[in-house]
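What follows is a short report on a single structure.
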Amino acid sequence: MEQMNEMAFAVIACLGFSLIEAFFVLPSHLKNKKLQRAAKSEERKNAIERAIDYVKMKIYGEILAGMMRKKWLRRLLTFVPLIFMFIVGALLSKGVIKSTFFPAIPFDDFQVEIAYKTGESVEKTEKYLKYVEQEVFALKQELIEEFGDTLITFISTEIGNTEQLGEAGTHAGMVRVSLDVEDAPISSFEISRRVRERIVEDPTLEKFQVGGFNRWGSPVSIALNGDDYREIKKAKTWLRKELSKDPTLKNVKDNGGLGNREIIIELKPKAYQLGLTSGEIMRQIRQGFFGNELQRMIIGKDEVKVWVRYPKEDRASVQQMEDVKIRTMTGGEIPLKELADYKIERGEVKIRHTDGEKEIMVTADQTDPYASTSEINDNIEKTIVPKLKALFPQIDVEFRGQARSAGKSMKSLGLMAVLLLIMIVIILSLNFNSLYQGLMFACIIPIGMFCAQLGHGIEHLPFSILSFWGVIALMGILVNDAVVFLDTFNRYLKTGMEVSEAIYKAGLSRFRPIVLTSITTIAGLYPLIWESDFQAQFLIPMAVSVAYGVLFGTLFILFFFPLLVLFFNDMKRAVIWVWTGKKPDMLSVESAIIDMEREKEMNSETKNLKS
């Protein structure tokens with residue numbers, strides 16, 4: 001949500017200055033006599049003007065009149081928006097319209113990252129990275145021949161560090177590939193896929209990954225928590241195998257990792273009888289092989305440390321540990337092999353903790369970057385997680401990465417949407433002096449979201465968190481169109497028109513401003529939707545939500561909002577009829593008429609008091 005602060009400020013500033021323009025600058029422009037003469041002259045000749053009038057009167061007007069002509073028809077057509085929302089919701093649930101946590105944004109560079117076991121020689125790491133670099137150079141030449149352009153612009157190799165694997169040391173490294181694929185017929189996702197296909201993976205590698213930086217976090221990120229670290233490691237190994245079987249996933253890895261080789265000793269009963277501990281035995285072994293500081297001396301101006309350890313020939317190999325003599329508390333010396341057994345294993349790089357529990361994170365990327373991340377995570381939660389919990393009941397499983405980020409964003413966005421809806425209803429209810437007219441706008445707002453989702457299906461884009469940000473902006477646009485429609489309807493009622501006539505006249509009156517506003521909004525957003533620039537990819541989902549929400553939302557406001565007004569009128573009359581036993585007419589229940597009658601009564605009372 002923090003990313004949208006600057007955009008929200010820009011929109012608010014533009015709307016604020018537009019109010020200043022509308023109230024103070026535009027009237028002076030319209031008052032100009034030359035402009036008025038030009039406008040009158042243009043109005044007589046402009047074919048577009050006649051075309052708009054024809055569409056308004058002959059097409060829109062006749063369709064609206066036909067929809068309102070019969071009560072049973074208009075009442076039935078009132079439920080068309082509900083049917084529309086049901087159909088779009090079904091398309092979304094069936095996967096025809098895709099949904100995801102965050103959209104796949106093509107990257108402008110990617111890395112081939114590798115990691116051997118900790119402690120591996122730098123020569124081995126360098127040799128494999130050179131092989132990777134050669135394969136990337138070969139692909140670069142192929143792309144030049146295929147597309148006639150240098151799409152891979154820069155290749156660099158770094159040993160000792162990785163960005164996404166979280167490894168550092170002589171055993172790790174990466175090859176960075178910079179791209180220039182703007183307006184190119186091939187995407188960065190496809191280039192990275194080709195690189196991955198060319199490279200033959202070294203079977204001794206602990207970790208291997210080809211891909212760019214994901215700005216939203218890992219598509220699949222599962223945290224395994226518990227108190228028993230050995231059980232967590234077993235669960236991690238099992239989970240990695242299961243995720244590797246899923247064809248929709250790639251680059252399955254974890255942040256556990258193996259450390260350097262360590263000597264693990266297990267004490268024999270004799271050691272316990274002599275009062276020795278594993279810490280004491282390992283201390284004496286370390287003194288013999290690494291050394292122990294005996295004293296410090298000043299020689300001239302220098303301080304010299306004196307260390308004591310075994311001769312070089314007695315500490316040349318680990319196997320010589322068996323001949324180490326361990327001094328007991330009584331001063332005796334006993335060979336290590338009589339006191340303990342030992343083995344050499346790789347330790348842990350580090351043990352991570354979260355909320356006091358040990359943790360290992362297993363992550364994976366999507367094979368298809370445009371696939372639905374939410375569907376992939378749902379499938380894992382339904383098919384793999386239950387098996388994992390059955391095999392390792394003491395391990396807690398939690399989804400992180402994009403799933404957690406999306407959950408937090410949706411929670412805050414949902415709260416903001418509810419507060420926005422309540423504020424809109426309250427403000428408009430006070431403005432129209434009618435709660436039931438204010439509730440009409442609450443019925444319009446959900447339509448916008450489903451219109452935006454249909455637009456994503458048309459553009460073959462998944463509906464994401466960024467799309468929902470666009471829906472928040474869309475709410476204000478649709479409500480604005482409905483407000484001017486309802487305000488015109490109320491003004492016509494006050495002139496003495498019947499309800500049906502007033503709603504029909506309001507539709508014709510507001511047809512031009514609503515349609516022209518919608519056309520200019522859509523026309524302004526479509527260049528952004530077609531944009532292939534990297535920075536534009538973050539705004540395209542929001543632009544699609546607003547553009548298609550306005551497009552389809554305008555149709556609903558022009559054709560079905562009038563029916564909604566009449567439906568609310570019928571409902572209010574039915575309630576009064578049930579409550580009082582008297583059936584009121586359509587005009588008497590409208591807020592504009594009620595307010596006008598109250599105003600007349602107050603004026604009459606005021607005159608009586610003065611007289």
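Ordering of the structure tokens sets the chain letters (A, B, ...), residue numbers begin anew at 1 in every chain, and ligands are numbered from 1 in the order given.
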
Backbone DSSP call of strand (DSSP E or B) for segment 65-250 of chain A, listed as a short mmCIF file (atom, residue, chain, number, x, y, z; two decimals) with C-alpha atoms, in the first residue's frame:
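This is the output file part29.cif:
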data_model
loop_
_atom_site.label_atom_id
_atom_site.label_comp_id
_atom_site.auth_asym_id
_atom_site.auth_seq_id
_atom_site.Cartn_x
_atom_site.Cartn_y
_atom_site.Cartn_z
CA SER A 99 -6.66 -14.32 -10.80
CA ASP A 109 17.94 -8.55 -16.09
CA PHE A 110 18.21 -12.00 -14.54
CA GLN A 111 20.80 -14.17 -12.82
CA VAL A 112 22.06 -17.72 -13.10
CA GLU A 113 22.94 -18.51 -9.48
CA ILE A 114 24.72 -21.62 -8.17
CA ALA A 115 25.89 -22.94 -4.82
CA ILE A 152 21.37 -9.47 -24.31
CA THR A 153 23.39 -6.32 -23.67
CA PHE A 154 25.72 -7.21 -20.80
CA ILE A 155 27.02 -10.36 -19.10
CA SER A 156 29.02 -10.39 -15.85
CA THR A 157 30.26 -13.09 -13.49
CA GLU A 158 30.62 -12.82 -9.73
CA ILE A 159 32.14 -15.44 -7.43
CA GLY A 160 31.53 -15.54 -3.71
CA ASN A 161 28.07 -14.01 -3.62
CA ALA A 168 28.11 -16.40 0.18
CA GLY A 169 31.59 -17.92 -0.04
CA THR A 170 33.89 -19.67 -2.46
CA HIS A 171 31.25 -22.32 -3.10
CA ALA A 172 28.72 -19.84 -4.57
CA GLY A 173 28.49 -17.42 -7.47
CA MET A 174 26.30 -16.04 -10.24
CA VAL A 175 26.21 -14.84 -13.84
CA ARG A 176 24.19 -11.66 -14.34
CA VAL A 177 22.51 -11.15 -17.72
CA SER A 178 21.24 -7.66 -18.64
CA LEU A 179 18.52 -7.33 -21.30
CA LYS A 207 21.37 -25.02 -5.26
CA PHE A 208 20.76 -23.84 -8.83
CA GLN A 209 18.44 -21.13 -10.10
CA VAL A 210 17.80 -19.17 -13.28
CA GLY A 211 15.49 -16.17 -13.03
CA VAL A 220 5.41 -20.17 -3.38
CA SER A 221 7.00 -19.74 0.04
CA ILE A 222 6.25 -22.21 2.82
CA ALA A 223 7.68 -21.86 6.34
CA LEU A 224 8.23 -25.00 8.44
CA ASN A 225 8.38 -24.20 12.17
CA GLY A 226 8.95 -26.37 15.21
CA LEU A 249 6.90 -25.11 -10.28
CA LYS A 250 10.63 -24.67 -10.80
#

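Rounded to one decimal, atom CA of Ile281 of chain A and atom CA of Asp314 of chain A lie 17.8 Å from each other.
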
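Taking atom CA of Asp533 of chain A and atom CA of Glu182 of chain A as the two end points, the separation is 6.0 Å.
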
Check the smallest atom-to-atom distance from each of A:Leu151, A:Arg315, A:Leu420, A:Glu201 to Leu129 of chain A using only C-alpha atoms, then report the winner.
A:Glu201

Looking only at alpha helix (DSSP H) from DSSP on the backbone, list the matching residues of segment 181-402 of chain A as a ChimeraX atom specification.
/A:188-198,229-244,269-273,278-289,336-339,373-383,385-391,402

Identify, on the basis of only C-alpha atoms, every residue whose closest approach to Asn377 of chain A does not exceed 12 Å; exclude the query and any residue fewer than 6 positions from it along the same chain; express the result as a compact mmCIF listing (two decimals) with C-alpha atoms, in the first residue's frame.
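Ended up saving to part37.txt:
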# COMPACT_ATOMS: atom_id res chain seq x y z
CA THR A 100 -3.36 -14.06 -8.99
CA PHE A 101 -1.78 -12.35 -6.01
CA SER A 218 8.41 -15.80 -3.97
CA PRO A 219 5.22 -17.12 -5.63
CA VAL A 220 5.41 -20.17 -3.38
CA SER A 221 7.00 -19.74 0.04
CA ILE A 222 6.25 -22.21 2.82
CA LEU A 243 7.09 -29.63 -4.94
CA ASP A 246 4.72 -30.35 -9.66
CA THR A 248 3.91 -25.80 -12.56
CA LEU A 249 6.90 -25.11 -10.28
CA THR A 363 10.42 -21.58 -1.85
CA ALA A 364 9.65 -22.16 -5.54
CA ASP A 365 9.02 -20.15 -8.70
CA GLN A 366 6.31 -20.62 -11.32
CA ALA A 371 -0.12 -18.62 -14.31
CA THR A 383 -3.00 -31.73 -1.78
CA ILE A 384 0.48 -31.51 -0.22
CA VAL A 385 0.09 -29.76 3.14
CA GLU A 398 2.64 -21.31 7.16
CA PHE A 399 2.45 -19.75 3.69
CA ARG A 400 4.67 -16.73 3.24
CA GLY A 401 5.91 -14.74 0.24
CA GLN A 402 3.25 -13.44 -2.11
CA ALA A 403 0.47 -15.25 -0.26
CA ARG A 404 1.16 -13.39 2.99

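Distances from A:Val304, A:Ala8, A:Ala442, A:Ile285 to Lys325 of chain A were compared using only C-alpha atoms, and the smallest one belongs to A:Ile285.
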
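Here atom CA of Lys583 of chain A stands at a distance of 27.4 Å from atom CA of Val80 of chain A.
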
For Asn569 of chain A, list every protein, DNA or RNA residue within 8 Å, evaluated using only C-alpha atoms, and leave out those in the same chain fewer than 6 positions away; present the list as a ChimeraX atom specification.
/A:586,589-590

Include N, CA and C atoms and write out the residues we just selected as an mmCIF file, in the first residue's frame.
data_model
loop_
_atom_site.group_PDB
_atom_site.id
_atom_site.type_symbol
_atom_site.label_atom_id
_atom_site.label_comp_id
_atom_site.auth_asym_id
_atom_site.auth_seq_id
_atom_site.Cartn_x
_atom_site.Cartn_y
_atom_site.Cartn_z
ATOM 1 N N MET A 586 -46.641 6.751 -6.869
ATOM 2 C CA MET A 586 -45.190 6.752 -7.094
ATOM 3 C C MET A 586 -44.568 8.092 -6.711
ATOM 4 N N VAL A 589 -43.769 9.155 -2.663
ATOM 5 C CA VAL A 589 -42.731 8.534 -1.830
ATOM 6 C C VAL A 589 -41.325 9.016 -2.193
ATOM 7 N N GLU A 590 -41.224 9.831 -3.245
ATOM 8 C CA GLU A 590 -39.906 10.308 -3.654
ATOM 9 C C GLU A 590 -39.411 11.402 -2.707
#

Skipping near chain neighbours, those fewer than 6 positions away, what residues fall within 12 Å of Val483 of chain A using only C-alpha atoms, listed as a PyMOL selection string?
chain A and resi 424-425+427-429+431-432+437-442+444+476-477+489-490+506+510+514+557+561
